[in-house]
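**Q** My file is my_file-v4.txt. It has compact mmCIF, N, CA and C atoms:
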```txt
# COMPACT_ATOMS: atom_id res chain seq x y z
N MET O 1 83.31 63.62 49.21
CA MET O 1 84.02 62.53 48.55
C MET O 1 85.39 63.03 48.11
N ASN O 2 86.38 62.16 48.20
CA ASN O 2 87.74 62.51 47.85
C ASN O 2 87.99 62.22 46.38
N ASP O 3 88.27 63.25 45.61
CA ASP O 3 88.54 63.09 44.19
C ASP O 3 90.03 63.27 43.95
N MET O 4 90.75 62.22 43.61
CA MET O 4 92.20 62.28 43.46
C MET O 4 92.64 62.99 42.18
N THR O 5 91.70 63.34 41.29
CA THR O 5 92.07 64.00 40.04
C THR O 5 92.14 65.51 40.19
N GLN O 6 91.70 66.04 41.33
CA GLN O 6 91.73 67.49 41.52
C GLN O 6 93.14 67.96 41.80
N ASN O 7 93.41 69.23 41.47
CA ASN O 7 94.69 69.82 41.83
C ASN O 7 94.70 70.11 43.32
N HIS O 8 95.78 69.79 43.96
CA HIS O 8 95.90 70.01 45.40
C HIS O 8 96.59 71.34 45.64
N PRO O 9 96.21 72.08 46.67
CA PRO O 9 96.84 73.37 46.95
C PRO O 9 98.35 73.31 47.13
N GLU O 10 98.89 72.20 47.66
CA GLU O 10 100.33 72.10 47.87
C GLU O 10 101.09 71.95 46.55
N ASP O 11 100.38 71.64 45.46
CA ASP O 11 101.02 71.51 44.16
C ASP O 11 101.25 72.87 43.50
N CYS O 12 100.57 73.92 43.96
CA CYS O 12 100.67 75.25 43.37
C CYS O 12 101.82 76.02 44.00
N GLU O 13 102.55 76.76 43.17
CA GLU O 13 103.62 77.60 43.70
C GLU O 13 103.00 78.90 44.19
N ILE O 14 103.35 79.31 45.40
CA ILE O 14 102.83 80.52 45.99
C ILE O 14 103.80 81.66 45.71
N VAL O 15 103.29 82.72 45.11
CA VAL O 15 104.11 83.88 44.80
C VAL O 15 103.52 85.07 45.54
N LEU O 16 104.34 85.71 46.38
CA LEU O 16 103.89 86.86 47.15
C LEU O 16 104.57 88.13 46.64
N THR O 17 103.84 89.22 46.66
CA THR O 17 104.45 90.51 46.36
C THR O 17 105.12 91.02 47.63
N ASP O 18 105.98 92.02 47.50
CA ASP O 18 106.66 92.57 48.67
C ASP O 18 105.66 93.13 49.67
N GLY O 19 104.53 93.64 49.21
CA GLY O 19 103.51 94.17 50.10
C GLY O 19 102.81 93.10 50.92
N GLU O 20 102.82 91.86 50.44
CA GLU O 20 102.17 90.76 51.15
C GLU O 20 103.10 90.06 52.14
N ARG O 21 104.38 90.34 52.06
CA ARG O 21 105.35 89.69 52.94
C ARG O 21 105.44 90.40 54.27
N GLN O 22 105.90 89.68 55.29
CA GLN O 22 106.17 90.29 56.58
C GLN O 22 107.49 89.74 57.10
N ARG O 23 108.17 90.55 57.91
CA ARG O 23 109.46 90.13 58.46
C ARG O 23 109.27 88.99 59.45
N CYS O 24 110.22 88.11 59.48
CA CYS O 24 110.23 87.01 60.44
C CYS O 24 110.89 87.51 61.71
N GLU O 25 110.21 87.38 62.83
CA GLU O 25 110.77 87.83 64.10
C GLU O 25 111.53 86.68 64.74
N VAL O 26 112.82 86.90 64.99
CA VAL O 26 113.69 85.87 65.57
C VAL O 26 113.79 86.09 67.07
N TRP O 27 113.53 85.04 67.83
CA TRP O 27 113.64 85.09 69.29
C TRP O 27 114.79 84.19 69.71
N THR O 28 115.43 84.52 70.82
CA THR O 28 116.49 83.68 71.35
C THR O 28 116.45 83.73 72.87
N ARG O 29 117.08 82.78 73.48
CA ARG O 29 117.08 82.69 74.94
C ARG O 29 118.25 83.50 75.49
N VAL O 30 117.95 84.41 76.40
CA VAL O 30 118.96 85.25 77.03
C VAL O 30 118.69 85.28 78.52
N MET O 31 119.69 84.93 79.31
CA MET O 31 119.59 85.00 80.77
C MET O 31 118.35 84.29 81.31
N GLY O 32 118.01 83.15 80.74
CA GLY O 32 116.93 82.33 81.27
C GLY O 32 115.55 82.62 80.72
N TYR O 33 115.41 83.57 79.84
CA TYR O 33 114.11 83.83 79.24
C TYR O 33 114.28 84.18 77.77
N HIS O 34 113.19 84.14 77.01
CA HIS O 34 113.24 84.38 75.57
C HIS O 34 112.87 85.82 75.25
N ARG O 35 113.60 86.42 74.30
CA ARG O 35 113.35 87.79 73.87
C ARG O 35 113.56 87.88 72.37
N PRO O 36 112.87 88.82 71.71
CA PRO O 36 113.14 89.02 70.27
C PRO O 36 114.49 89.70 70.07
N VAL O 37 115.23 89.24 69.08
CA VAL O 37 116.55 89.79 68.81
C VAL O 37 116.45 91.27 68.42
N ALA O 38 115.35 91.67 67.79
CA ALA O 38 115.19 93.06 67.37
C ALA O 38 115.17 94.03 68.56
N SER O 39 114.84 93.54 69.75
CA SER O 39 114.77 94.42 70.91
C SER O 39 116.11 94.52 71.66
N PHE O 40 117.14 93.84 71.19
CA PHE O 40 118.45 93.88 71.84
C PHE O 40 119.11 95.25 71.63
N ASN O 41 119.94 95.65 72.61
CA ASN O 41 120.74 96.86 72.41
C ASN O 41 121.94 96.51 71.53
N ILE O 42 122.75 97.49 71.18
CA ILE O 42 123.85 97.28 70.23
C ILE O 42 124.83 96.22 70.73
N GLY O 43 125.17 96.26 72.01
CA GLY O 43 126.12 95.29 72.56
C GLY O 43 125.59 93.87 72.53
N LYS O 44 124.33 93.70 72.91
CA LYS O 44 123.73 92.36 72.93
C LYS O 44 123.56 91.82 71.51
N LYS O 45 123.24 92.69 70.53
CA LYS O 45 123.15 92.26 69.14
C LYS O 45 124.51 91.76 68.66
N GLY O 46 125.58 92.46 69.05
CA GLY O 46 126.92 92.03 68.68
C GLY O 46 127.24 90.66 69.24
N GLU O 47 126.89 90.44 70.51
CA GLU O 47 127.12 89.13 71.13
C GLU O 47 126.32 88.05 70.41
N TYR O 48 125.07 88.37 70.05
CA TYR O 48 124.22 87.39 69.37
C TYR O 48 124.83 86.97 68.03
N PHE O 49 125.32 87.93 67.25
CA PHE O 49 125.86 87.59 65.93
C PHE O 49 127.22 86.91 66.02
N GLU O 50 127.89 86.98 67.16
CA GLU O 50 129.17 86.28 67.34
C GLU O 50 128.99 84.85 67.86
N ARG O 51 127.78 84.47 68.19
CA ARG O 51 127.54 83.12 68.71
C ARG O 51 127.91 82.08 67.67
N ARG O 52 128.39 80.96 68.16
CA ARG O 52 128.69 79.83 67.28
C ARG O 52 127.74 78.71 67.62
N PHE O 53 127.11 78.16 66.61
CA PHE O 53 126.14 77.09 66.79
C PHE O 53 126.80 75.77 66.39
N PHE O 54 126.43 74.71 67.05
CA PHE O 54 127.02 73.41 66.78
C PHE O 54 125.98 72.32 66.98
N GLU O 55 126.29 71.16 66.45
CA GLU O 55 125.47 69.98 66.65
C GLU O 55 126.31 68.94 67.36
N GLU O 56 125.76 68.34 68.39
CA GLU O 56 126.49 67.32 69.12
C GLU O 56 126.49 66.01 68.35
N GLN O 57 127.58 65.29 68.45
CA GLN O 57 127.69 63.98 67.83
C GLN O 57 127.00 62.94 68.71
N ARG O 58 126.61 61.85 68.12
CA ARG O 58 126.04 60.75 68.90
C ARG O 58 127.11 60.17 69.81
N ALA O 59 126.70 59.67 70.94
CA ALA O 59 127.64 59.14 71.91
C ALA O 59 128.27 57.83 71.45
N GLY O 60 127.63 57.09 70.57
CA GLY O 60 128.18 55.83 70.09
C GLY O 60 128.16 54.73 71.12
N LEU O 61 127.13 54.72 71.97
CA LEU O 61 127.07 53.73 73.03
C LEU O 61 126.28 52.48 72.64
N GLY O 62 125.76 52.44 71.45
CA GLY O 62 124.94 51.29 71.05
C GLY O 62 125.77 50.22 70.37
N GLY O 63 125.26 49.02 70.35
CA GLY O 63 125.89 47.92 69.63
C GLY O 63 127.24 47.53 70.19
N SER O 64 128.18 47.15 69.32
CA SER O 64 129.49 46.68 69.76
C SER O 64 130.49 47.83 69.88
N GLU O 65 130.03 49.07 69.84
CA GLU O 65 130.93 50.21 69.95
C GLU O 65 131.21 50.57 71.41
N ARG O 66 130.64 49.83 72.34
CA ARG O 66 130.82 50.16 73.76
C ARG O 66 132.24 49.85 74.20
N ALA O 67 132.77 50.72 75.02
CA ALA O 67 134.11 50.51 75.55
C ALA O 67 134.11 49.31 76.50
N GLY O 68 135.11 48.48 76.39
CA GLY O 68 135.22 47.31 77.25
C GLY O 68 134.38 46.14 76.80
N ASP O 69 133.74 46.24 75.65
CA ASP O 69 132.91 45.16 75.14
C ASP O 69 133.85 44.10 74.54
N PRO O 70 133.83 42.86 75.06
CA PRO O 70 134.76 41.84 74.53
C PRO O 70 134.57 41.59 73.05
N ALA O 71 133.34 41.68 72.55
CA ALA O 71 133.11 41.44 71.13
C ALA O 71 133.80 42.52 70.30
N ALA O 72 133.71 43.78 70.74
CA ALA O 72 134.36 44.87 70.02
C ALA O 72 135.87 44.73 70.09
N ASP O 73 136.41 44.30 71.23
CA ASP O 73 137.86 44.11 71.35
C ASP O 73 138.34 43.01 70.43
N THR O 74 137.57 41.93 70.30
CA THR O 74 137.93 40.81 69.44
C THR O 74 137.94 41.24 67.98
N ILE O 75 136.92 42.01 67.59
CA ILE O 75 136.85 42.49 66.20
C ILE O 75 138.00 43.42 65.92
N ALA O 76 138.33 44.31 66.84
CA ALA O 76 139.42 45.27 66.64
C ALA O 76 140.75 44.54 66.55
N ALA O 77 140.96 43.49 67.35
CA ALA O 77 142.21 42.74 67.35
C ALA O 77 142.38 41.96 66.04
N ALA O 78 141.26 41.49 65.47
CA ALA O 78 141.32 40.70 64.25
C ALA O 78 141.61 41.58 63.03
N ALA O 79 141.32 42.86 63.11
CA ALA O 79 141.49 43.76 61.96
C ALA O 79 142.88 44.20 61.76
```
Rewrite the structure of this file - the entire thing - as structure tokens.

**A**
Amino acid sequence: MNDMTQNHPEDCEIVLTDGERQRCEVWTRVMGYHRPVASFNIGKKGEYFERRFFEEQRAGLGGSERAGDPAADTIAAAA
């Protein structure tokens, strides 16, 4: 039976000692396959840390934002 008055595990703060922690292994794609960054040589590690990450913008093709849409042209002309 589900008792809603009980404390839920997600409500408790988890505190770990340094002995209980483990390093997070980071993998990345290199030359068509995935490898852990820790196994890179000095040159490849340098290249990895120089990488620039970005997020692409939405194309804006929905609604009246389409190029050549008469409704969008009319709204733009009225403004």

**Q** Using only C-alpha atoms and a cutoff of 12 Å, can you tell me which residues are near (117.5, 82.7, 68.8) in the file's coordinates, and write them out as a list in words?

**A**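 Residues with an atom at most 12 Å from (117.5, 82.7, 68.8): Cys24, Glu25, Val26, Trp27, Thr28, Arg29, Val30, Tyr33, His34, Arg35, Pro36, Val37, Ala38, Phe40, Lys45, Glu47, Tyr48, Phe49, Arg51, Arg52 and Phe53 of chain O.
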
**Q** As JSON, please report the centre and edge lengths, rounded to one decimal in Å, of the axis-aligned box that holds all listed atoms of segment 18-21 of chain O with 5 Å of padding on each of the six sides.

**A**
```
{"center_x": 104.4, "center_y": 91.9, "center_z": 50.9, "size_x": 14.5, "size_y": 14.5, "size_z": 16.8}
```

**Q** Rounded to one decimal in Å, what is the spacing between atom C of Phe54 of chain O and atom N of Met31 of chain O?

**A**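 Answer for the atom C of Phe54 of chain O to atom N of Met31 of chain O separation: 18.7 Å.
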
**Q** Take atom CA of Gly32 of chain O and atom CA of Lys44 of chain O and report the distance between them in Å, one decimal.

**A**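 These atoms are spaced 14.7 Å apart.
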
**Q** So what do you get for atom N of Asn41 of chain O versus atom CA of Arg23 of chain O, distance-wise?

**A**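 Interatomic distance, atom N of Asn41 of chain O to atom CA of Arg23 of chain O: 18.5 Å.
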